[in-house]
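Raw coords14.txt, compact mmCIF, C-alpha atoms:
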# COMPACT_ATOMS: atom_id res chain seq x y z
CA THR A 1 11.14 8.04 29.16
CA PRO A 2 8.08 10.31 29.38
CA SER A 3 5.08 9.00 31.28
CA LEU A 4 1.58 8.85 29.84
CA ASN A 5 0.69 11.89 31.95
CA ASP A 6 3.57 13.77 30.29
CA THR A 7 2.26 12.66 26.91
CA TYR A 8 -1.22 14.05 27.56
CA GLU A 9 0.30 17.23 28.94
CA ALA A 10 2.25 17.66 25.67
CA ILE A 11 -0.99 17.09 23.74
CA SER A 12 -2.77 19.83 25.67
CA VAL A 13 0.12 22.23 25.06
CA HIS A 14 0.98 21.55 21.41
CA ASN A 15 -2.04 20.02 19.69
CA PRO A 16 -4.14 23.23 19.52
CA ARG A 17 -1.34 24.82 17.45
CA LEU A 18 -0.14 21.82 15.44
CA ASN A 19 -3.53 20.15 14.80
CA ALA A 20 -1.68 16.81 14.66
CA LEU A 21 -4.25 14.66 16.49
CA PRO A 22 -7.89 15.22 15.44
CA HIS A 23 -9.15 12.40 17.70
CA ILE A 24 -7.67 11.75 21.14
CA HIS A 25 -8.21 8.65 23.24
CA PRO A 26 -8.95 9.58 26.88
CA LEU A 27 -6.44 8.38 29.47
CA ASP A 28 -7.75 5.29 31.26
CA PRO A 29 -5.43 3.78 33.92
CA THR A 30 -7.49 0.56 33.96
CA GLN A 31 -6.34 -0.27 30.41
CA GLU A 32 -2.75 -0.97 31.50
CA VAL A 33 -1.31 -4.05 29.74
CA ASN A 34 2.01 -5.63 30.69
CA GLY A 35 4.36 -6.27 27.81
CA PRO A 36 7.64 -5.25 26.16
CA LEU A 37 6.19 -1.83 25.27
CA SER A 38 4.42 -1.12 28.57
CA GLY A 39 4.32 2.61 29.25
CA TRP A 40 4.76 3.48 25.56
CA SER A 41 2.27 5.72 23.78
CA PHE A 42 1.54 5.64 20.06
CA ALA A 43 -0.57 7.51 17.53
CA VAL A 44 -2.21 5.96 14.48
CA LYS A 45 -2.62 7.63 11.11
CA SER A 46 -6.28 8.23 10.28
CA ASN A 47 -6.27 5.73 7.39
CA ILE A 48 -5.35 2.80 9.68
CA ALA A 49 -8.26 1.05 11.40
CA SER A 50 -8.40 1.56 15.17
CA PRO A 51 -10.99 1.97 17.94
CA LEU A 52 -11.21 5.68 17.08
CA PRO A 53 -12.80 7.05 13.87
CA THR A 54 -10.97 6.01 10.69
CA THR A 55 -11.74 9.10 8.65
CA CYS A 56 -8.83 9.13 6.16
CA ALA A 57 -9.10 12.91 6.74
CA SER A 58 -12.05 12.94 4.33
CA SER A 59 -15.64 14.06 4.67
CA MET A 60 -16.47 10.82 2.82
CA LEU A 61 -15.61 8.88 6.00
CA SER A 62 -16.16 11.59 8.59
CA SER A 63 -18.52 9.41 10.62
CA TYR A 64 -16.88 6.02 10.00
CA THR A 65 -15.50 3.88 12.82
CA SER A 66 -13.99 0.53 11.83
CA PRO A 67 -15.48 -2.62 13.40
CA PHE A 68 -11.95 -4.00 13.82
CA SER A 69 -8.41 -2.73 14.38
CA ALA A 70 -5.49 -3.09 11.99
CA THR A 71 -3.04 -5.89 12.71
CA ALA A 72 -0.25 -3.42 13.47
CA VAL A 73 -2.45 -1.58 16.00
CA THR A 74 -3.53 -4.81 17.68
CA LYS A 75 0.06 -6.04 18.01
CA LEU A 76 1.20 -2.80 19.63
CA GLU A 77 -1.70 -2.88 22.11
CA HIS A 78 -0.98 -6.52 22.98
CA ALA A 79 2.65 -5.54 23.61
CA GLY A 80 1.52 -3.01 26.21
CA ALA A 81 1.62 0.23 24.22
CA ARG A 82 -1.25 2.67 24.65
CA MET A 83 -2.94 4.32 21.70
CA ILE A 84 -3.42 8.02 22.42
CA GLY A 85 -5.14 9.16 19.24
CA THR A 86 -5.38 9.26 15.47
CA SER A 87 -3.13 11.58 13.50
CA ASN A 88 -3.92 14.10 10.81
CA MET A 89 -3.02 13.41 7.18
CA ASP A 90 -3.63 14.40 3.59
CA GLU A 91 -7.01 13.08 2.44
CA PHE A 92 -6.73 9.36 1.63
CA GLY A 93 -2.93 9.75 1.76
CA MET A 94 -2.85 11.90 -1.38
CA GLY A 95 -0.45 14.77 -0.87
CA SER A 96 2.93 15.73 0.51
CA LEU A 97 2.08 18.87 2.50
CA ASN A 98 -0.70 17.77 4.88
CA GLN A 99 -3.06 20.51 3.80
CA SER A 100 -5.82 18.52 2.06
CA SER A 101 -7.48 17.30 5.26
CA VAL A 102 -11.10 17.66 6.34
CA HIS A 103 -9.69 18.35 9.83
CA GLY A 104 -7.70 21.30 8.55
CA PRO A 105 -3.96 21.39 7.86
CA ALA A 106 -1.44 20.01 10.33
CA HIS A 107 1.59 22.14 11.19
CA ASN A 108 5.27 21.61 11.93
CA LEU A 109 6.69 22.08 15.43
CA HIS A 110 9.70 23.85 13.88
CA PRO A 111 10.87 26.50 14.17
CA GLU A 112 9.85 26.25 17.82
CA ASN A 113 10.08 29.99 18.49
CA GLY A 114 8.71 31.15 15.15
CA ASN A 115 5.34 32.66 14.35
CA VAL A 116 5.16 31.28 10.80
CA LEU A 117 3.60 27.81 10.49
CA HIS A 118 5.45 25.36 8.26
CA SER A 119 4.23 22.18 6.64
CA PRO A 120 4.98 18.92 8.50
CA GLY A 121 5.07 17.04 5.18
CA GLY A 122 2.65 14.45 3.97
CA SER A 123 0.79 12.46 3.88
CA SER A 124 1.72 11.25 7.41
CA GLY A 125 2.37 14.79 8.62
CA GLY A 126 0.23 14.50 11.74
CA SER A 127 2.16 11.43 12.89
CA ALA A 128 5.52 13.18 12.40
CA ALA A 129 4.37 16.37 14.13
CA ALA A 130 2.99 14.40 17.08
CA VAL A 131 6.26 12.51 17.54
CA ALA A 132 8.35 15.68 17.23
CA ALA A 133 6.23 17.43 19.88
CA ARG A 134 6.44 14.39 22.21
CA MET A 135 2.69 13.87 22.04
CA CYS A 136 3.50 10.17 21.59
CA ARG A 137 6.60 8.02 21.68
CA VAL A 138 6.03 6.40 18.28
CA ALA A 139 3.45 6.75 15.53
CA LEU A 140 2.21 4.59 12.70
CA GLY A 141 1.94 6.02 9.22
CA SER A 142 1.50 4.74 5.69
CA ASP A 143 4.14 5.14 3.00
CA THR A 144 3.09 4.89 -0.65
CA GLY A 145 5.74 7.11 -2.20
CA GLY A 146 7.52 8.67 0.78
CA SER A 147 4.61 9.59 3.05
CA VAL A 148 6.49 8.52 6.20
CA ARG A 149 10.01 9.59 5.28
CA LEU A 150 9.28 13.10 3.93
CA PRO A 151 7.36 14.17 7.08
CA ALA A 152 10.12 12.63 9.20
CA SER A 153 12.70 14.73 7.35
CA TRP A 154 10.77 17.97 7.68
CA CYS A 155 9.88 17.42 11.35
CA GLY A 156 13.31 16.22 12.50
CA VAL A 157 12.38 12.66 13.52
CA VAL A 158 13.20 9.18 12.26
CA GLY A 159 10.89 7.66 9.64
CA PHE A 160 11.12 4.04 8.51
CA LYS A 161 9.43 2.34 5.56
CA PRO A 162 9.86 -1.46 5.81
CA SER A 163 10.19 -3.75 2.82
CA TYR A 164 6.90 -4.36 1.06
CA GLY A 165 5.13 -7.17 2.90
CA ARG A 166 7.19 -7.01 6.10
CA VAL A 167 4.31 -5.44 8.05
CA SER A 168 0.72 -6.51 7.50
CA ARG A 169 -1.47 -4.03 5.62
CA TYR A 170 -4.64 -5.52 7.10
CA GLY A 171 -6.67 -2.55 8.34
CA LEU A 172 -4.88 0.01 6.15
CA VAL A 173 -7.24 1.85 3.79
CA SER A 174 -5.59 1.26 0.43
CA TYR A 175 -4.31 4.04 -1.79
CA ALA A 176 -2.08 2.03 -4.17
CA SER A 177 -2.06 -1.58 -3.00
CA SER A 178 1.20 -2.62 -4.66
CA LEU A 179 3.08 0.37 -3.20
CA ASP A 180 1.54 0.88 0.27
CA SER A 181 3.51 0.01 3.41
CA VAL A 182 2.77 0.62 7.08
CA GLY A 183 5.67 2.70 8.41
CA ILE A 184 6.93 3.90 11.78
CA LEU A 185 7.96 7.33 13.08
CA ALA A 186 9.92 7.87 16.30
CA ARG A 187 12.58 10.09 17.80
CA SER A 188 15.25 7.36 17.81
CA THR A 189 16.27 4.40 15.67
CA ARG A 190 16.09 2.23 18.79
CA ASP A 191 12.38 2.96 19.20
CA ILE A 192 11.92 2.24 15.49
CA ARG A 193 13.64 -1.12 15.91
CA ASP A 194 11.64 -2.13 18.99
CA THR A 195 8.34 -1.16 17.35
CA PHE A 196 9.23 -2.91 14.11
CA ASN A 197 10.10 -6.12 15.96
CA ILE A 198 6.58 -6.14 17.41
CA ILE A 199 4.55 -5.42 14.27
CA SER A 200 6.67 -7.33 11.73
CA ALA A 201 5.14 -10.81 11.58
CA PRO A 202 3.20 -13.04 9.18
CA ASP A 203 -0.52 -12.34 9.02
CA PRO A 204 -3.12 -14.68 7.49
CA HIS A 205 -5.42 -11.68 6.94
CA ASP A 206 -3.01 -10.14 4.40
CA MET A 207 -1.96 -12.33 1.50
CA THR A 208 0.81 -9.87 0.53
CA CYS A 209 2.42 -10.17 3.98
CA MET A 210 5.68 -12.13 3.95
CA SER A 211 5.47 -15.76 5.02
CA LYS A 212 7.48 -17.20 7.89
CA SER A 213 9.73 -19.15 5.51
CA LEU A 214 10.58 -16.03 3.48
CA ARG A 215 11.40 -14.09 6.64
CA SER A 216 13.67 -16.91 7.76
CA ARG A 217 15.47 -16.87 4.41
CA ILE A 218 16.02 -13.11 4.67
CA ASP A 219 17.40 -13.46 8.21
CA THR A 220 19.81 -16.16 7.06
CA LEU A 221 21.03 -14.00 4.19
CA CYS A 222 21.61 -11.08 6.56
CA ALA A 223 23.57 -13.27 8.96
CA SER A 224 25.82 -14.58 6.17
CA ARG A 225 27.34 -11.15 5.48
CA GLU A 226 30.58 -11.91 7.35
CA TRP A 227 32.22 -8.60 6.45
CA ILE A 228 29.58 -6.84 8.57
CA SER A 229 28.64 -9.25 11.34
CA HIS A 230 32.24 -10.02 12.40
CA ASN A 231 33.53 -6.46 12.70
CA THR A 232 35.03 -5.74 16.15
CA ILE A 233 37.01 -2.52 15.53
CA ALA A 234 35.81 -0.03 18.15
CA SER A 235 37.17 3.09 16.43
CA GLU A 236 35.57 2.11 13.11
CA PRO A 237 32.29 0.33 13.99
CA LEU A 238 31.15 0.33 10.36
CA LYS A 239 34.40 -1.06 8.93
CA GLY A 240 33.63 -3.22 5.91
CA VAL A 241 30.26 -1.65 5.14
CA ARG A 242 30.03 -0.21 1.63
CA VAL A 243 27.67 2.71 1.01
CA GLY A 244 26.75 3.85 -2.48
CA VAL A 245 26.07 7.43 -3.53
CA PRO A 246 23.78 7.40 -6.60
CA SER A 247 24.60 10.21 -9.00
CA GLU A 248 21.07 10.23 -10.47
CA PHE A 249 19.68 11.63 -7.19
CA TRP A 250 21.66 14.84 -7.74
CA VAL A 251 18.57 16.53 -9.18
CA ASP A 252 18.08 20.18 -10.10
CA GLU A 253 15.60 20.66 -7.25
CA LEU A 254 18.22 19.90 -4.54
CA SER A 255 18.86 22.96 -2.38
CA PRO A 256 22.40 23.91 -1.28
CA SER A 257 21.55 22.91 2.30
CA ALA A 258 20.44 19.44 1.19
CA ILE A 259 23.60 18.98 -0.88
CA ASP A 260 25.75 20.09 2.07
CA ALA A 261 23.98 17.64 4.40
CA TRP A 262 24.48 14.86 1.84
CA LYS A 263 28.24 15.55 1.65
CA ARG A 264 28.60 15.79 5.43
CA GLY A 265 26.65 12.54 5.85
CA ALA A 266 28.98 10.72 3.48
CA ALA A 267 32.03 12.12 5.30
CA LYS A 268 30.60 11.01 8.65
CA LEU A 269 30.10 7.46 7.39
CA GLU A 270 33.66 7.39 6.07
CA SER A 271 34.95 8.46 9.50
CA LEU A 272 33.13 5.46 11.00
CA GLY A 273 34.86 3.06 8.66
CA CYS A 274 32.48 2.86 5.68
CA ASP A 275 33.65 2.70 2.11
CA VAL A 276 31.63 5.34 0.26
CA ILE A 277 31.59 4.77 -3.49
CA PRO A 278 29.61 6.15 -6.46
CA VAL A 279 26.88 3.96 -7.94
CA SER A 280 24.49 4.39 -10.85
CA LEU A 281 20.74 3.82 -11.09
CA PRO A 282 20.09 4.93 -14.67
CA HIS A 283 16.28 4.68 -14.63
CA THR A 284 15.85 6.94 -11.60
CA PRO A 285 14.81 9.97 -13.72
CA HIS A 286 11.84 7.96 -15.05
CA THR A 287 10.73 6.72 -11.63
CA LEU A 288 8.57 9.68 -10.54
CA PRO A 289 6.28 9.80 -13.61
CA ALA A 290 6.04 6.00 -13.62
CA TYR A 291 5.15 6.04 -9.93
CA TYR A 292 2.33 8.53 -10.38
CA THR A 293 0.98 6.62 -13.35
CA LEU A 294 0.78 3.37 -11.38
CA ALA A 295 -0.31 4.89 -8.06
CA LEU A 296 -3.18 6.87 -9.56
CA ALA A 297 -4.35 3.91 -11.63
CA GLU A 298 -4.56 1.78 -8.48
CA ALA A 299 -6.17 4.62 -6.52
CA SER A 300 -8.99 5.01 -9.04
CA SER A 301 -9.81 1.34 -8.53
CA ASN A 302 -9.39 1.26 -4.74
CA LEU A 303 -11.53 4.35 -4.16
CA ALA A 304 -14.40 3.07 -6.31
CA ARG A 305 -15.89 1.44 -3.20
CA PHE A 306 -16.62 4.85 -1.66
CA ASP A 307 -19.96 5.47 -3.33
CA GLY A 308 -22.32 6.11 -0.40
CA ILE A 309 -23.79 2.63 -0.70
CA ARG A 310 -20.95 0.29 0.18
CA PHE A 311 -18.82 2.81 2.07
CA GLY A 312 -18.95 6.53 2.64
CA THR A 313 -21.44 9.20 3.66
CA ARG A 314 -24.23 9.36 1.10
CA HIS A 315 -25.29 12.63 -0.51
CA PRO A 316 -28.60 12.10 -2.38
CA PRO A 317 -28.92 13.78 -5.79
CA THR A 318 -31.00 16.93 -5.76
CA GLN A 319 -33.07 16.23 -8.89
CA SER A 320 -32.39 13.25 -11.15
CA THR A 321 -32.99 9.70 -9.93
CA ARG A 322 -30.60 8.12 -12.43
CA ALA A 323 -28.39 5.55 -10.71
CA SER A 324 -25.16 7.04 -12.05
CA LEU A 325 -26.00 10.44 -10.57
CA LYS A 326 -26.63 8.88 -7.16
CA TYR A 327 -22.99 7.86 -7.14
CA ALA A 328 -21.78 11.09 -8.72
CA GLN A 329 -23.33 13.39 -6.11
CA THR A 330 -21.86 11.38 -3.24
CA ARG A 331 -18.36 11.33 -4.74
CA THR A 332 -18.50 14.98 -5.80
CA MET A 333 -19.44 16.11 -2.30
CA GLY A 334 -17.43 13.51 -0.37
CA PHE A 335 -14.02 13.79 -2.01
CA GLY A 336 -11.74 16.79 -1.91
CA ASP A 337 -10.21 18.41 -4.98
CA GLU A 338 -6.90 16.55 -4.84
CA VAL A 339 -8.55 13.14 -4.48
CA LYS A 340 -10.92 13.85 -7.38
CA ARG A 341 -8.01 15.00 -9.51
CA ARG A 342 -6.08 11.78 -8.88
CA ILE A 343 -9.13 9.57 -9.46
CA LEU A 344 -9.73 11.23 -12.82
CA LEU A 345 -6.10 10.86 -13.87
CA GLY A 346 -6.03 7.24 -12.72
CA THR A 347 -9.23 6.42 -14.57
CA PHE A 348 -7.77 7.93 -17.73
CA VAL A 349 -4.58 5.88 -17.36
CA MET A 350 -6.63 2.68 -17.20
CA SER A 351 -8.75 3.57 -20.23
CA ALA A 352 -8.36 1.50 -23.40
CA ARG A 353 -6.63 4.34 -25.23
CA ALA A 354 -4.08 5.16 -22.51
CA TYR A 355 -3.40 1.72 -21.00
CA GLU A 356 -0.75 0.66 -23.52
CA ASN A 357 0.77 4.13 -23.80
CA TYR A 358 1.15 4.89 -20.08
CA TYR A 359 0.33 2.02 -17.72
CA LEU A 360 2.30 -0.79 -19.38
CA PRO A 361 5.47 1.29 -19.96
CA SER A 362 5.33 2.37 -16.30
CA GLN A 363 5.20 -1.27 -15.20
CA ARG A 364 8.25 -1.97 -17.37
CA ILE A 365 10.10 0.94 -15.75
CA ARG A 366 9.18 -0.41 -12.33
CA ARG A 367 10.72 -3.78 -13.22
CA LEU A 368 13.88 -2.09 -14.49
CA VAL A 369 14.16 -0.07 -11.26
CA GLN A 370 13.86 -3.27 -9.22
CA ARG A 371 16.58 -4.94 -11.29
CA GLU A 372 18.90 -1.98 -10.83
CA PHE A 373 18.63 -2.21 -7.06
CA ASN A 374 19.17 -5.98 -7.23
CA ARG A 375 22.31 -5.30 -9.28
CA ILE A 376 23.97 -2.85 -6.88
CA PHE A 377 23.16 -4.48 -3.53
CA ALA A 378 25.54 -7.06 -2.10
CA MET A 379 22.80 -9.10 -0.44
CA PRO A 380 20.66 -11.00 -2.96
CA ASN A 381 16.95 -10.30 -3.20
CA ALA A 382 15.32 -13.14 -1.27
CA LEU A 383 12.33 -13.00 -3.61
CA CYS A 384 14.57 -13.80 -6.59
CA THR A 385 16.74 -16.55 -5.12
CA THR A 386 16.43 -19.66 -2.97
CA ASN A 387 20.04 -19.40 -1.79
CA THR A 388 20.51 -18.86 1.94
CA LYS A 389 24.10 -17.61 1.79
CA THR A 390 25.53 -14.44 0.31
CA ASP A 391 28.16 -15.09 -2.35
CA ALA A 392 31.73 -13.84 -2.06
CA ARG A 393 31.87 -10.05 -1.80
CA ASN A 394 31.71 -8.23 -5.08
CA VAL A 395 33.69 -4.99 -4.96
CA ASP A 396 31.12 -3.28 -7.18
CA LYS A 397 28.19 -3.95 -4.83
CA VAL A 398 27.06 -1.99 -1.78
CA ASP A 399 25.18 -2.65 1.46
CA ALA A 400 23.20 0.60 1.46
CA ILE A 401 22.79 3.80 -0.52
CA LEU A 402 22.82 7.35 0.83
CA PHE A 403 20.94 10.40 -0.45
CA PRO A 404 18.74 13.20 0.96
CA THR A 405 15.14 12.42 1.87
CA ALA A 406 13.89 15.83 0.76
CA THR A 407 15.16 18.43 -1.67
CA ASP A 408 14.89 21.20 0.93
CA THR A 409 13.56 22.04 4.38
CA ALA A 410 9.83 22.32 5.05
CA PRO A 411 8.02 25.13 3.22
CA VAL A 412 5.60 27.53 4.86
CA GLN A 413 2.19 25.86 5.03
CA GLY A 414 0.09 26.86 2.04
CA SER A 415 2.99 28.27 -0.02
CA ASN A 416 3.91 25.16 -2.02
CA ASN A 417 1.09 24.18 -4.35
CA GLY A 418 0.66 22.99 -7.93
CA LEU A 419 3.26 20.86 -9.67
CA SER A 420 5.90 21.47 -7.01
CA ALA A 421 3.81 19.49 -4.52
CA TYR A 422 4.25 16.38 -6.69
CA VAL A 423 8.00 16.93 -7.12
CA ASN A 424 8.45 16.59 -3.34
CA ASP A 425 8.38 12.81 -3.84
CA VAL A 426 11.28 12.71 -6.31
CA MET A 427 13.77 11.48 -3.69
CA THR A 428 11.55 8.85 -2.07
CA VAL A 429 9.45 6.99 -4.64
CA SER A 430 12.24 4.66 -5.83
CA ALA A 431 12.11 2.61 -2.63
CA ASN A 432 8.38 2.03 -3.03
CA MET A 433 8.73 1.11 -6.69
CA ALA A 434 11.40 -1.45 -5.79
CA GLY A 435 9.69 -2.65 -2.59
CA ILE A 436 12.88 -2.16 -0.54
CA PRO A 437 13.25 -0.67 2.96
CA ALA A 438 14.23 2.96 3.47
CA ILE A 439 14.83 5.14 6.50
CA SER A 440 15.11 8.89 7.02
CA VAL A 441 17.25 10.13 9.90
CA PRO A 442 17.64 13.79 10.95
CA PHE A 443 20.97 15.48 10.20
CA GLY A 444 20.96 18.86 11.84
CA LEU A 445 19.13 22.14 11.27
CA CYS A 446 19.21 24.82 8.61
CA GLU A 447 17.89 28.19 9.82
CA GLY A 448 15.93 26.43 12.55
CA MET A 449 14.38 23.83 10.24
CA PRO A 450 15.34 20.13 10.27
CA LEU A 451 17.23 18.43 7.44
As a first step, turn the structure in this file into C-alpha cells.
Amino acid sequence: TPSLNDTYEAISVHNPRLNALPHIHPLDPTQEVNGPLSGWSFAVKSNIASPLPTTCASSMLSSYTSPFSATAVTKLEHAGARMIGTSNMDEFGMGSLNQSSVHGPAHNLHPENGNVLHSPGGSSGGSAAAVAARMCRVALGSDTGGSVRLPASWCGVVGFKPSYGRVSRYGLVSYASSLDSVGILARSTRDIRDTFNIISAPDPHDMTCMSKSLRSRIDTLCASREWISHNTIASEPLKGVRVGVPSEFWVDELSPSAIDAWKRGAAKLESLGCDVIPVSLPHTPHTLPAYYTLALAEASSNLARFDGIRFGTRHPPTQSTRASLKYAQTRTMGFGDEVKRRILLGTFVMSARAYENYYLPSQRIRRLVQREFNRIFAMPNALCTTNTKTDARNVDKVDAILFPTATDTAPVQGSNNGLSAYVNDVMTVSANMAGIPAISVPFGLCEGMPL
C-alpha cells in the first residue's frame, strides 16, 4: 500500500503531464484520522463539493468554494481517508473526452512510453488518470451516462456506478438529477468495495437517497439467492451464476479489439463455472437518443441557477441595462461551447412544441428499458416488490450481463470531436436510464492501450 508521501511523489512526477489534479491539498501530518481507511488517499471530481474549489471545470465557477462538503467526501474523511485534491473533468460533466475544461484537457497515462497524449475519457477523466498514475488510491466521480465507467475503461482501472440512490448526491452539482450517481474509481475491486461500504448510507440531506428499510430489503433479496451464496466448489467459484450476453450491444461502432475482449471475457467466466447465455434487450437501440433528450432537458433546468446573481461569476453587459441581457452576458462568457450547446438543445426539448414529440416519448422509452432489465434479472427489483425472498430460479433469467464498456481504446486527445463524441456513451447509458449498478473492469491491453 503506497504511503501518502508516495502519493505526493507520484503527483509531482505525473500531474504536470496528465493535468489530472488542478487543485492539490497540501500534505498536513496533523490531519491524521484513525478509521477503517486510515492511510488512504482520495481525489474528488471538481463538481463534488469539498474544502477545495468546486469549479466544475468552468470559468462560471472558477472562484467558487463550497461552504460545505458533499456527504460522500465527509464520510471518507471521517473514515480516515485523506483528500489530496480535486480532479479535472469536462465542464459541468458534459463530455466524454475530458477536453472541455477551463483547466485544460486531462491526459491518459497510457501508453506509458509514448509521446502521443490520449484522452482519459470523460467526464471523470481526471479521476481515472489520477488513479491510474497512483496519485491517489481511490477517486470519486459522477456518472450520468457512463462518466465513471468510460474513463475507467480507457485508463485501465476499475470504475463503479452504484444503483441510483445508493450513494447520497448531496454536494454533487447536478447535471441531470434523475440520472446522476456518485461513482468510485480504483485500481482493484476490493478498494471499490471498501470505499462503497463507507459512502453507501441513508442521508437526510438527499431525498432521492435510499432509505434504511429499502436497503435492508435489497440485502435480504441478495441473501436469498441460494444458487450463489451456497456455492463451495473451489475449481468453479462462480458455479450457478448465470451471465447474459445482450445481442443489441453488438453495435456497428464496436472495434475488433473490443469484440475480441468481449468473447474472451465470456470464455473466462465460463471457465469459472458461469452459465453464459444470450439475452435480448430490444429497446437498447433507442436508449442513446432518449438519454440525451432527457439529460439535456434536465441540464437546461439545473444550470439556470448559474446567472451571476445566484451562482456564478458575473460579467456585466457592456451597453444595454435590460435585465435579460445581464443574464445573457454572464452565461455567454461563463459557459463553454459544449455546455451552451446542451443548454440550447435541452431548452428546445422542453418547449411547448417539442415536449410531446421528444420529451414524453423518451420517458416512455426509459420506462420500457427499466422493464426489460426487470424481466431478464433473476433478483426482483426491490422498488417494484415488497417480497423479501427471490422466487424459484427461472432458467430464462440472469444474475448479470456482460458487454464492453467502450467501443474501442482511447483516442488521441483532440482527434475525436463532433457526433462521434456523443456515440462514446452508447455502451453505458442503459444502466443510468434503468438506475441499475454497473462496473467496468480492465481486460488487458491492445497496442499499449487498456481495454
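Our summary of the geometry notes that atom CA of A:Ala258 is positioned 8.0 Å from atom CA of A:Thr409.
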- Pairwise distance, atom CA of A:Ile192 with atom CA of A:Asp180, equals 18.5 Å
- Query: Which of these, A:His315, A:Gly104, A:Ala304, A:Pro278, has the shortest distance to A:Leu402 once you count all atoms listed in the file?
  - Reply: A:Pro278
- Query: Could you pull the residues within 6 Å of stretch 422-436 of chain A, counting all atoms listed in the file, minus those fewer than 3 positions along the same chain, as a PyMOL selection string?
  - Reply: chain A and resi 145-146+163-164+179+288+366+370+405+419
Based on the selection just made, write C-alpha atoms of those residues as a PDB file, in the frame of the given file.
ATOM      1  CA  GLY A 145       5.740   7.110  -2.200  1.00  0.00           C
ATOM      2  CA  GLY A 146       7.520   8.670   0.780  1.00  0.00           C
ATOM      3  CA  SER A 163      10.190  -3.750   2.820  1.00  0.00           C
ATOM      4  CA  TYR A 164       6.900  -4.360   1.060  1.00  0.00           C
ATOM      5  CA  LEU A 179       3.080   0.370  -3.200  1.00  0.00           C
ATOM      6  CA  LEU A 288       8.570   9.680 -10.540  1.00  0.00           C
ATOM      7  CA  ARG A 366       9.180  -0.410 -12.330  1.00  0.00           C
ATOM      8  CA  GLN A 370      13.860  -3.270  -9.220  1.00  0.00           C
ATOM      9  CA  THR A 405      15.140  12.420   1.870  1.00  0.00           C
ATOM     10  CA  LEU A 419       3.260  20.860  -9.670  1.00  0.00           C
TER      11      LEU A 419
END
- Note on the structure: One residue among A:Pro316, A:Cys209, A:Met94, A:Pro246 is nearest to A:Tyr292 when using all atoms listed in the file, and that residue is A:Met94
Residues within 8 Å of (31.4, 2.4, 2.4), file coordinates, counting only C-alpha atoms: what are they? Give the list as a compact mmCIF listing (two decimals) with C-alpha atoms, in the coordinates of the input.
# COMPACT_ATOMS: atom_id res chain seq x y z
CA LYS A 239 34.40 -1.06 8.93
CA GLY A 240 33.63 -3.22 5.91
CA VAL A 241 30.26 -1.65 5.14
CA ARG A 242 30.03 -0.21 1.63
CA VAL A 243 27.67 2.71 1.01
CA GLY A 244 26.75 3.85 -2.48
CA LEU A 269 30.10 7.46 7.39
CA GLU A 270 33.66 7.39 6.07
CA GLY A 273 34.86 3.06 8.66
CA CYS A 274 32.48 2.86 5.68
CA ASP A 275 33.65 2.70 2.11
CA VAL A 276 31.63 5.34 0.26
CA ILE A 277 31.59 4.77 -3.49
CA VAL A 398 27.06 -1.99 -1.78
- For stretch 87-92 of chain A: contacts at 7 Å, only C-alpha atoms, fewer than 6 positions along chain excluded, given as a PyMOL selection string: chain A and resi 20-22+43-47+56-58+98-101+106+122-127+175
- Message: I'd like the contact shell of stretch 75-84 of chain A - 9 Å cut-off, all atoms listed in the file, skipping same-chain residues fewer than 6 positions apart - returned as number ranges by chain.
- Response: A: 4, 7-8, 21, 23-27, 31-44, 50, 135-136, 195, 198-199
- Hey, can you pull every residue with an atom no more than 12 Å from (13.9, -9.6, -6.0), using all atoms listed in the file, and send it as JSON, numbers by chain? {"A": [163, 164, 214, 218, 367, 368, 369, 370, 371, 372, 373, 374, 375, 377, 379, 380, 381, 382, 383, 384, 385, 386, 433, 434, 435, 436]}
- atom CA of A:Ser211 and atom CA of A:Arg169, how far apart in Å? 13.6 Å
- Message: Neighbouring residues of stretch 354-360 of chain A were defined as those with any atom within 12 Å, considering only C-alpha atoms; residues of the same chain fewer than 2 positions away were excluded. Please report them as a PyMOL selection string.
- Response: chain A and resi 289-298+345-352+362-367
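Distances here use all atoms listed in the file; by that measure, the residue among A:Val245, A:Ala201, A:Leu281, A:Leu325 closest to A:Ser216 is A:Ala201.
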- Message: Taking 2 positions as the minimum chain separation for residues in the same chain, which residues sit within 9 Å of A:Ser69 when counting all atoms listed in the file? Answer as a list in words.
- Response: Ile48, Ala49, Ser50, Pro51, Ser66, Pro67, Thr71, Ala72, Val73, Thr74, Tyr170 and Gly171 of chain A
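Among the candidates A:Arg149, A:Ala438, A:Asp307, A:Val279, the one nearest to A:Pro120 when counting all atoms listed in the file is A:Arg149.
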- Message: From the options A:Asn5, A:Ser96, A:Ser119, A:Thr54, which residue's atoms come nearest to A:Ala410, counting all atoms listed in the file?
- Response: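 Among A:Asn5, A:Ser96, A:Ser119, A:Thr54, it is A:Ser119 that comes nearest to A:Ala410.
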For stretch 140-144 of chain A, which lacks atoms in the input, supply N, CA, C and O atoms and format the output as a PDB file, keeping the file's coordinate frame.
ATOM      1  N   LEU A 140       2.335   5.358  13.932  1.00  0.00           N
ATOM      2  CA  LEU A 140       2.210   4.590  12.700  1.00  0.00           C
ATOM      3  C   LEU A 140       1.769   5.521  11.570  1.00  0.00           C
ATOM      4  O   LEU A 140       0.942   6.409  11.767  1.00  0.00           O
ATOM      5  N   GLY A 141       2.345   5.290  10.407  1.00  0.00           N
ATOM      6  CA  GLY A 141       1.940   6.020   9.220  1.00  0.00           C
ATOM      7  C   GLY A 141       1.847   5.057   8.055  1.00  0.00           C
ATOM      8  O   GLY A 141       2.094   3.860   8.200  1.00  0.00           O
ATOM      9  N   SER A 142       1.479   5.559   6.907  1.00  0.00           N
ATOM     10  CA  SER A 142       1.500   4.740   5.690  1.00  0.00           C
ATOM     11  C   SER A 142       2.414   5.428   4.686  1.00  0.00           C
ATOM     12  O   SER A 142       2.473   6.652   4.618  1.00  0.00           O
ATOM     13  N   ASP A 143       3.156   4.616   3.941  1.00  0.00           N
ATOM     14  CA  ASP A 143       4.140   5.140   3.000  1.00  0.00           C
ATOM     15  C   ASP A 143       3.879   4.524   1.638  1.00  0.00           C
ATOM     16  O   ASP A 143       4.119   3.346   1.419  1.00  0.00           O
ATOM     17  N   THR A 144       3.355   5.333   0.710  1.00  0.00           N
ATOM     18  CA  THR A 144       3.090   4.890  -0.650  1.00  0.00           C
ATOM     19  C   THR A 144       4.166   5.365  -1.609  1.00  0.00           C
ATOM     20  O   THR A 144       4.541   4.659  -2.545  1.00  0.00           O
TER      21      THR A 144
END
